[in-house]
Each structure stands twice: as C-alpha cells, then as structure tokens.
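Novice: Below is a structure I'd like to ask you about.
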Amino acid sequence: MSGLAGIVAGETSISAAGGAHNLEYCGYSIYDLAEHCIFEEIAYLLLHKSLPNKTQLGEFCEELKSRRDLPVPLREVLERIPKTAHPMDVLRTGVSFLGNIELESETHDQYEITKRLLGAFPALLVYWWTHAHTGKKISCESDSETIAEHFLTLLHQQKSSDLHVKAMNVSLILYAEHEFNASTFTARTITSTLSDFYSAVCGAIGALRGPLHGGANEAAMELISRVDNVDDARDMVKGMLSRKELIMGFGHRVYTEADPRNRVIKEWSKRLCTEGGKPALYDVSETIENIMWEEKKLFPNLDFYSASTYHMMEVPTPLFTPIFVMSRITGWAAHIFEQRENNKLIRPSAIYTGPEKLDFIRLEDR
Ligand SMILES: CC(C)(COP(=O)(O)OP(=O)(O)OC[C@H]1O[C@@H](n2cnc3c(N)ncnc32)[C@H](O)[C@@H]1OP(=O)(O)O)[C@@H](O)C(=O)NCCC(=O)NCCS
C-alpha cells in the first residue's frame with residue numbers, strides 16, 4: 001500500500017495504461033496516434049472524447065493560434081522573475097497570475113481556459129527564458145501552424161527543420177495523458193474540493209516538477225551528459241547501482257515489462273542523434289538501457305530517450321519538464337472535466353501509527 005501502489009483510486013474513460021491496453025487514449029492506441037496525428041488532434045480527442053474531422057481540426061488550430069499572445073501584465077511579471085528561477089516555477093507562477101486576470105467564469109469556462117493555456121504555454125515559457133538570459137523581449141506569436149513548431153520557433157527565433165518539428169510533435173503526443181499519475185491525481189484532488197481550474201493546474205505543475213515524475217527527463221539528460229563513450233557509461237551505471245543510486249528515466253509504477261511509449265521515442269532519439277552527428281549520445285543511452293535490464297530488469301520510461309531527443313533539438317535541459325506541461329495540460333484538463341462531471345470529494349483515510357492516550361502536560365510544566 002506504500003505510495004498507494006496497486007490501489008485502484010477511481011474510474012476514467014480518458015486513457016488506459018498497462019495490461020493488454022499498453023497505452024490508449026480514449027480507446028486509440030498511442031502507436032496509431034503518434035504515427036498519424038498532430039498533437040492538436042490529440043488535444044481535441046482528449047477534450048472532446050472523439051477525433052476531429054478536418055474542419056473541426058482546422059477551427060481548433062485557429063482557436064489555439066489566436067490565444068498565443070500574453071497580456072502585458074503577465075509579461076511584466078515574467079520580466080521580474082530572475083534567470084535563477086526554475087522554469088517549472090515560472091510556469092506555475094504564470095498560470096497562477098493568469099488566473100487572477102482571466103478569471104474562470106461562465107464565459108471563460110474550463111474549456112476556454114484549456115485552449116488559452118495550450119495556446120499560451122510556449123510563449124509563457126520562452127518569453128521568460130529569453131528575457132532572463134538575454135534581456136530581449138520576444139514576440140509571443142509566430143506563423144507556425146502547430147504548437148510543436150511554434151515552441152521551437154520562439155525558442156530558436158527561426159524555423160526548425162521538419163524533422164525536429166515532427167519529433168517534437170510526437171513527443172507532445174506521448175506525454176499528453178497517462179491515467180492517474182501523480183500530477184493528474186493532484187489536479188483531480190484539487191478539483192474535487194470544487195476549487196477553480198487554475199488552482200488544479202498549479203498543483204499539477206508542482207507535482208510534475210519532482211524528479212520521480214516529470215523532472216526525470218532533466219535528470220536523465222544530466223546522467224547521459226556525464227560520459228561520452230559506452231565503456232564509461234557502463235562503469236558509471238554499475239557504480240551507481242552498487243551504491244543503490246536511482247537511475248532517472250528508468251522504472252515505472254504501472255508498467256512491469258516496458259513502457260510502451262519508449263519504443264516510439266527511442267526511434268526518434270536514434271534518428272535525431274544519427275542524423276544530427278551525435279551517434280555516441282544514442283550509444284551511451286542504449287548502453288545504459290542494456291545494463292539496467294541486465295542488472296535490475298528495469299526498462300526506460302518515456303523520460304529517458306526524451307532527454308536525448310530534446311537535446312538534439314537544442315532545447316536547453318531546464319526546459320524539458322516544461323515541455324511536458326505544454327503537453328500534459330490536455331490530460332489534466334480532461335481529468336478536471338471528468339472529475340467535475342461526477343464529483344465526489346477525494347479524501348482517503350489513514351491508519352494512525354503515532355502515540356496514544358498520553359498524559360497531557362500543561363505549558364508551564366513542560
Ligand atoms: C518511477 C518510480 C518512482 C516507480 O517506483 P516504485 O513503483 O515505487 O518502485 P520502487 O521505488 O519501489 O522500486 C522497486 C525497486 O526497484 C529499484 N528501482 C526502481 N526504479 C529504479 C531506478 N530508476 N534506478 C535504480 N533502481 C530503481 C528500487 O530501488 C527498488 O529496489 P529495492 O527493491 O532493492 O529497494 C521508480 O522506478 C523511480 O524512482 N524511477 C526513477 C525516476 C523516474 O524515472 N521517474 C519517471 C517515472 S515515469
């Protein structure tokens with residue numbers, strides 16, 4: 001029961017993870033979705049529970065595009081956040097501030113806020129990052145059709161290759177939704193108190209920030225950057241395992257044999273490392289994967305090969321987990337909607353293990 005492992009905490013029709021399902025969003029295999037869709041189709045699917053037709057997708061993309069710009073007061077807040085801040089804290093603050101100036105209401109409802117956040121997250125992140133590191137105030141908009149391309153365009157201030165845009169798109173699809181993971185469950189718990197949408201998202205960002213959850217992709221990058229050849233990689237991991245250190249990007253609470261998303265992102269990592277002239281980065285990663293399986297029967301989760309994939313797109317490591325937010329906002333939103341549709345306060349109970357029936361000692365006698 002430690003960490004609620006194996007405890008079924010509720011029902012959902014949004015995604016199924018593990019067992020015969022592997023991983024399905026609203027009944028669709030992530031393999032089909034990652035191969036054939038753009039991220040916006042997945043966002044639409046999770047929010048509407050059905051895939052969009054061409055007209056619906058076109059309208060949805062336009063709606064998101066029209067929500068990219070940041071209001072001046074929010075830019076001013078971002079400009080005051082120092083470059084030493086953690087980008088996840090910046091996103092949390094950005095969402096929280098937006099919640100004060102674009103309040104949830106009947107006209108600005110949960111669906112509107114989701115579209116707003118989906119549209120605005122790339123600028124929220126990159127506006128701050130660029131200002132903090134260079135002092136420049138970038139435009140928050142671009143001609144890019146998709147969120148994947150828009151993010152890369154803002155970050156690099158130029159168009160990215162089709163290959164990188166496609167890889168980013170796939171990554172956003174794979175990160176979009178994952179049942180009752182810690183951040184989603186946090187969002188549902190906050191929602192269950194009848195709190196507002198922004199509070200649920202801020203809480204979810206806080207949960208995702210930790211290295212046992214979303215933060216693992218940054219920790220994985222730090223790990224694979226320590227060595228530049230397979231021999232050193234082997235020695236490093238064996239040493240870490242002998243010291244009982246965690247290898248970030250490995251293991252999973254729900255999956256026992258493999259993370260189904262790994263096979264997709266691994267292919268992209270291989271392609272980007274090879275075509276980008278850094279095959280050693282992929283070789284080091286694969287060596288670590290092999291040793292982890294041989295020594296511990298542990299497999300890479302989505303975060304492990306995401307690290308090298310993002311690195312090859314020249315995304316700074318501190319922005320890895322925020323990309324997860326740009327994607328997972330869709331899953332969080334779908335779960336907030338679902339929780340609200342049939343709400344019941346989430347309030348489990350605990351087995352008390354502390355002292356009992358102590359004699360009370362008055363303050364002056366202690
Ligand atoms: C994801 C994670 C939290 C799941 O943990 P869990 O279901 O609670 O499993 P446990 O932590 O109980 O691990 C079981 C055993 O495997 C070991 N283990 C699990 N993940 C490990 C890892 N990444 N590196 C080294 N050992 C690991 C544990 O130390 C433990 O060993 P023990 O039985 O000798 O004590 C865990 O695998 C982990 O910490 N992974 C690294 C962080 C990460 O990648 N997070 C992203 C998840 S998508």
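Residues in the structure tokens are named by chain (A, B, ... in the order shown) and by number from 1 within that chain; ligands are numbered from 1 in the order shown.
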Please provide as a PyMOL selection string all residues within 10 Å of Asn169 of chain A, with the sequence filter that same-chain residues fewer than 5 positions apart are discarded (counting only C-alpha atoms).
Specialist: chain A and resi 34+37-40+146-149+163-164+174+327
Novice: Set the cut-off to 9 Å, count only C-alpha atoms and all ligand atoms, and list whatever residues fall near ligand 1 as a PyMOL selection string.
Specialist: chain A and resi 2-3+5+181+210-217+219-220+240-241+244-255+259+292+296-304
Novice: Write a file of the selected residues as an mmCIF file, in the first residue's frame, keeping N, CA and C atoms.
Specialist:
data_model
loop_
_atom_site.group_PDB
_atom_site.id
_atom_site.type_symbol
_atom_site.label_atom_id
_atom_site.label_comp_id
_atom_site.auth_asym_id
_atom_site.auth_seq_id
_atom_site.Cartn_x
_atom_site.Cartn_y
_atom_site.Cartn_z
ATOM 1 N N SER A 2 2.162 1.085 0.289
ATOM 2 C CA SER A 2 3.038 2.247 0.318
ATOM 3 C C SER A 2 2.966 2.992 -1.011
ATOM 4 N N GLY A 3 2.741 4.317 -0.953
ATOM 5 C CA GLY A 3 2.608 5.101 -2.178
ATOM 6 C C GLY A 3 1.356 4.748 -2.957
ATOM 7 N N ALA A 5 0.543 2.095 -4.176
ATOM 8 C CA ALA A 5 0.863 1.197 -5.290
ATOM 9 C C ALA A 5 -0.209 0.122 -5.417
ATOM 10 N N ASN A 181 -1.662 9.336 -12.910
ATOM 11 C CA ASN A 181 -0.311 9.651 -12.446
ATOM 12 C C ASN A 181 -0.378 10.730 -11.372
ATOM 13 N N GLY A 210 8.769 17.303 -9.685
ATOM 14 C CA GLY A 210 9.694 16.426 -8.964
ATOM 15 C C GLY A 210 10.364 15.394 -9.853
ATOM 16 N N PRO A 211 11.622 15.009 -9.526
ATOM 17 C CA PRO A 211 12.360 14.060 -10.363
ATOM 18 C C PRO A 211 11.791 12.638 -10.388
ATOM 19 N N LEU A 212 10.915 12.291 -9.459
ATOM 20 C CA LEU A 212 10.298 10.964 -9.565
ATOM 21 C C LEU A 212 9.154 10.974 -10.576
ATOM 22 N N HIS A 213 8.768 12.160 -11.008
ATOM 23 C CA HIS A 213 7.688 12.277 -12.005
ATOM 24 C C HIS A 213 8.291 12.971 -13.228
ATOM 25 N N GLY A 214 7.785 14.136 -13.619
ATOM 26 C CA GLY A 214 8.239 14.767 -14.864
ATOM 27 C C GLY A 214 9.697 15.179 -14.871
ATOM 28 N N GLY A 215 10.210 15.558 -13.711
ATOM 29 C CA GLY A 215 11.590 16.039 -13.636
ATOM 30 C C GLY A 215 12.616 14.993 -14.037
ATOM 31 N N ALA A 216 12.180 13.758 -14.238
ATOM 32 C CA ALA A 216 13.130 12.684 -14.579
ATOM 33 C C ALA A 216 13.809 12.918 -15.928
ATOM 34 N N ASN A 217 13.137 13.601 -16.868
ATOM 35 C CA ASN A 217 13.780 13.781 -18.185
ATOM 36 C C ASN A 217 15.010 14.693 -18.076
ATOM 37 N N ALA A 219 16.846 14.999 -15.294
ATOM 38 C CA ALA A 219 17.848 14.213 -14.565
ATOM 39 C C ALA A 219 18.500 13.184 -15.495
ATOM 40 N N ALA A 220 17.725 12.634 -16.430
ATOM 41 C CA ALA A 220 18.280 11.666 -17.391
ATOM 42 C C ALA A 220 19.311 12.342 -18.283
ATOM 43 N N MET A 240 26.803 3.290 -9.903
ATOM 44 C CA MET A 240 25.614 3.898 -9.278
ATOM 45 C C MET A 240 24.709 2.834 -8.685
ATOM 46 N N LEU A 241 24.545 1.747 -9.427
ATOM 47 C CA LEU A 241 23.674 0.673 -8.917
ATOM 48 C C LEU A 241 24.272 0.059 -7.656
ATOM 49 N N LYS A 244 23.400 1.877 -4.801
ATOM 50 C CA LYS A 244 21.938 1.930 -4.662
ATOM 51 C C LYS A 244 21.368 3.296 -5.054
ATOM 52 N N GLU A 245 22.032 3.941 -6.031
ATOM 53 C CA GLU A 245 21.505 5.224 -6.504
ATOM 54 C C GLU A 245 20.430 4.987 -7.555
ATOM 55 N N LEU A 246 19.464 5.900 -7.637
ATOM 56 C CA LEU A 246 18.422 5.794 -8.653
ATOM 57 C C LEU A 246 18.968 6.232 -10.003
ATOM 58 N N ILE A 247 18.588 5.534 -11.049
ATOM 59 C CA ILE A 247 18.943 5.953 -12.395
ATOM 60 C C ILE A 247 17.673 6.570 -12.981
ATOM 61 N N MET A 248 17.706 7.872 -13.157
ATOM 62 C CA MET A 248 16.489 8.566 -13.565
ATOM 63 C C MET A 248 16.107 8.228 -15.006
ATOM 64 N N GLY A 249 14.785 8.084 -15.217
ATOM 65 C CA GLY A 249 14.308 7.710 -16.545
ATOM 66 C C GLY A 249 14.100 6.204 -16.668
ATOM 67 N N PHE A 250 14.228 5.486 -15.539
ATOM 68 C CA PHE A 250 14.009 4.030 -15.552
ATOM 69 C C PHE A 250 12.959 3.642 -14.518
ATOM 70 N N GLY A 251 12.218 2.600 -14.865
ATOM 71 C CA GLY A 251 11.221 2.068 -13.943
ATOM 72 C C GLY A 251 9.884 2.769 -14.108
ATOM 73 N N HIS A 252 8.861 2.102 -13.638
ATOM 74 C CA HIS A 252 7.526 2.695 -13.712
ATOM 75 C C HIS A 252 6.595 2.028 -12.729
ATOM 76 N N ARG A 253 5.714 2.784 -12.161
ATOM 77 C CA ARG A 253 4.768 2.242 -11.198
ATOM 78 C C ARG A 253 3.732 1.315 -11.851
ATOM 79 N N VAL A 254 3.292 1.651 -13.052
ATOM 80 C CA VAL A 254 2.204 0.892 -13.684
ATOM 81 C C VAL A 254 2.724 -0.222 -14.592
ATOM 82 N N TYR A 255 3.776 0.057 -15.350
ATOM 83 C CA TYR A 255 4.286 -0.948 -16.290
ATOM 84 C C TYR A 255 5.303 -1.855 -15.604
ATOM 85 N N ASP A 259 7.807 0.345 -20.920
ATOM 86 C CA ASP A 259 6.928 1.493 -21.091
ATOM 87 C C ASP A 259 6.602 1.552 -22.583
ATOM 88 N N MET A 292 20.820 -1.629 -17.386
ATOM 89 C CA MET A 292 19.703 -1.570 -16.434
ATOM 90 C C MET A 292 18.835 -2.820 -16.551
ATOM 91 N N LYS A 296 19.092 -5.092 -13.339
ATOM 92 C CA LYS A 296 17.946 -4.840 -12.458
ATOM 93 C C LYS A 296 16.599 -5.211 -13.065
ATOM 94 N N LYS A 297 16.624 -5.647 -14.348
ATOM 95 C CA LYS A 297 15.367 -5.893 -15.080
ATOM 96 C C LYS A 297 14.489 -4.632 -15.060
ATOM 97 N N LEU A 298 15.150 -3.484 -15.155
ATOM 98 C CA LEU A 298 14.419 -2.218 -15.233
ATOM 99 C C LEU A 298 14.532 -1.668 -16.652
ATOM 100 N N PHE A 299 13.474 -1.041 -17.122
ATOM 101 C CA PHE A 299 13.383 -0.578 -18.513
ATOM 102 C C PHE A 299 13.249 0.941 -18.532
ATOM 103 N N PRO A 300 13.624 1.567 -19.649
ATOM 104 C CA PRO A 300 13.473 3.021 -19.717
ATOM 105 C C PRO A 300 12.009 3.430 -19.808
ATOM 106 N N ASN A 301 11.660 4.491 -19.121
ATOM 107 C CA ASN A 301 10.330 5.063 -19.318
ATOM 108 C C ASN A 301 10.444 6.194 -20.350
ATOM 109 N N LEU A 302 9.322 6.850 -20.617
ATOM 110 C CA LEU A 302 9.302 7.867 -21.677
ATOM 111 C C LEU A 302 10.370 8.939 -21.481
ATOM 112 N N ASP A 303 10.688 9.222 -20.225
ATOM 113 C CA ASP A 303 11.608 10.331 -19.959
ATOM 114 C C ASP A 303 13.036 10.080 -20.441
ATOM 115 N N PHE A 304 13.456 8.820 -20.494
ATOM 116 C CA PHE A 304 14.867 8.553 -20.745
ATOM 117 C C PHE A 304 15.301 8.996 -22.148
#
Novice: Near Asp109 of chain A, counting only C-alpha atoms, which residues have an atom at most 12 Å away, once you skip same-chain residues fewer than 3 positions from it, shown as a PyMOL selection string?
Specialist: chain A and resi 99+102-106+112-116+196-198+333+337
Novice: In terms of the shortest atom-to-atom distance over only C-alpha atoms, which of A:Leu124, A:Ile336, A:Ala233, A:Leu272 is closest to Ser161 of chain A?
Specialist: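 Going through A:Leu124, A:Ile336, A:Ala233, A:Leu272 one by one, the smallest distance to Ser161 of chain A is for A:Leu272.
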Novice: Which residues of segment 40-66 of chain A have any atom within 8 Å of an atom in segment 20-33 of chain A when counting only C-alpha atoms, and what is the closest pair of atoms for each, with the distance in Å to one decimal? Order the rows by chain and rising number and write it as CSV.
Specialist:
residue,atom,partner,partner_atom,distance
A:Ile42,CA,A:Leu33,CA,7.5
A:Leu45,CA,A:Cys26,CA,7.5
A:Leu46,CA,A:Cys26,CA,7.1
A:Lys49,CA,A:Cys26,CA,6.2
A:Ser50,CA,A:Cys26,CA,7.7
Novice: Would you save the residues of that selection, restricted to all heavy atoms, as a short mmCIF file (atom, residue, chain, number, x, y, z; two decimals), in the first residue's frame?
Specialist:
data_model
loop_
_atom_site.label_atom_id
_atom_site.label_comp_id
_atom_site.auth_asym_id
_atom_site.auth_seq_id
_atom_site.Cartn_x
_atom_site.Cartn_y
_atom_site.Cartn_z
N ILE A 42 -4.75 15.25 -30.85
CA ILE A 42 -4.80 14.53 -29.56
C ILE A 42 -5.44 15.42 -28.51
O ILE A 42 -6.23 14.96 -27.68
CB ILE A 42 -3.37 14.13 -29.13
CG1 ILE A 42 -2.66 13.36 -30.22
CG2 ILE A 42 -3.39 13.34 -27.81
CD1 ILE A 42 -3.46 12.27 -30.88
N LEU A 45 -9.01 15.30 -29.15
CA LEU A 45 -9.53 13.98 -28.74
C LEU A 45 -9.74 13.92 -27.22
O LEU A 45 -10.78 13.48 -26.74
CB LEU A 45 -8.54 12.88 -29.16
CG LEU A 45 -8.78 11.47 -28.61
CD1 LEU A 45 -10.06 10.87 -29.20
CD2 LEU A 45 -7.59 10.55 -28.90
N LEU A 46 -8.74 14.38 -26.47
CA LEU A 46 -8.84 14.27 -25.01
C LEU A 46 -9.92 15.21 -24.46
O LEU A 46 -10.59 14.87 -23.48
CB LEU A 46 -7.48 14.58 -24.37
CG LEU A 46 -6.39 13.54 -24.66
CD1 LEU A 46 -5.03 14.04 -24.22
CD2 LEU A 46 -6.71 12.21 -23.97
N LYS A 49 -13.35 13.73 -26.45
CA LYS A 49 -13.54 12.28 -26.48
C LYS A 49 -13.83 11.74 -27.88
O LYS A 49 -14.39 10.66 -28.04
CB LYS A 49 -14.65 11.84 -25.53
CG LYS A 49 -14.45 12.25 -24.07
CD LYS A 49 -13.60 11.22 -23.35
CE LYS A 49 -13.49 11.51 -21.88
NZ LYS A 49 -14.70 11.31 -21.14
N SER A 50 -13.51 12.51 -28.91
CA SER A 50 -13.59 11.98 -30.27
C SER A 50 -12.56 12.71 -31.13
O SER A 50 -12.23 13.88 -30.84
CB SER A 50 -14.99 12.15 -30.86
OG SER A 50 -15.25 13.51 -31.08
#
Novice: Given the choices A:Ser195, A:Ile288, A:Lys137, A:Glu59, which gets closest to Glu76 of chain A if the distance is worked out from only C-alpha atoms?
Specialist: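 Once distances to Glu76 of chain A are computed over only C-alpha atoms, the minimum belongs to A:Lys137.
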Novice: With the cut-off set at 9 Å and counting only C-alpha atoms, tabulate each residue of segment 170-253 of chain A with an atom at most that distance from an atom of segment 10-17 of chain A, showing the nearest atom pair and its distance in Å to one decimal, ordered by chain and increasing number, as CSV.
Specialist:
residue,atom,partner,partner_atom,distance
A:Glu177,CA,A:Ser15,CA,7.1
A:His178,CA,A:Ser15,CA,6.5
A:Glu179,CA,A:Ser15,CA,5.5
A:Phe180,CA,A:Gly10,CA,8.6
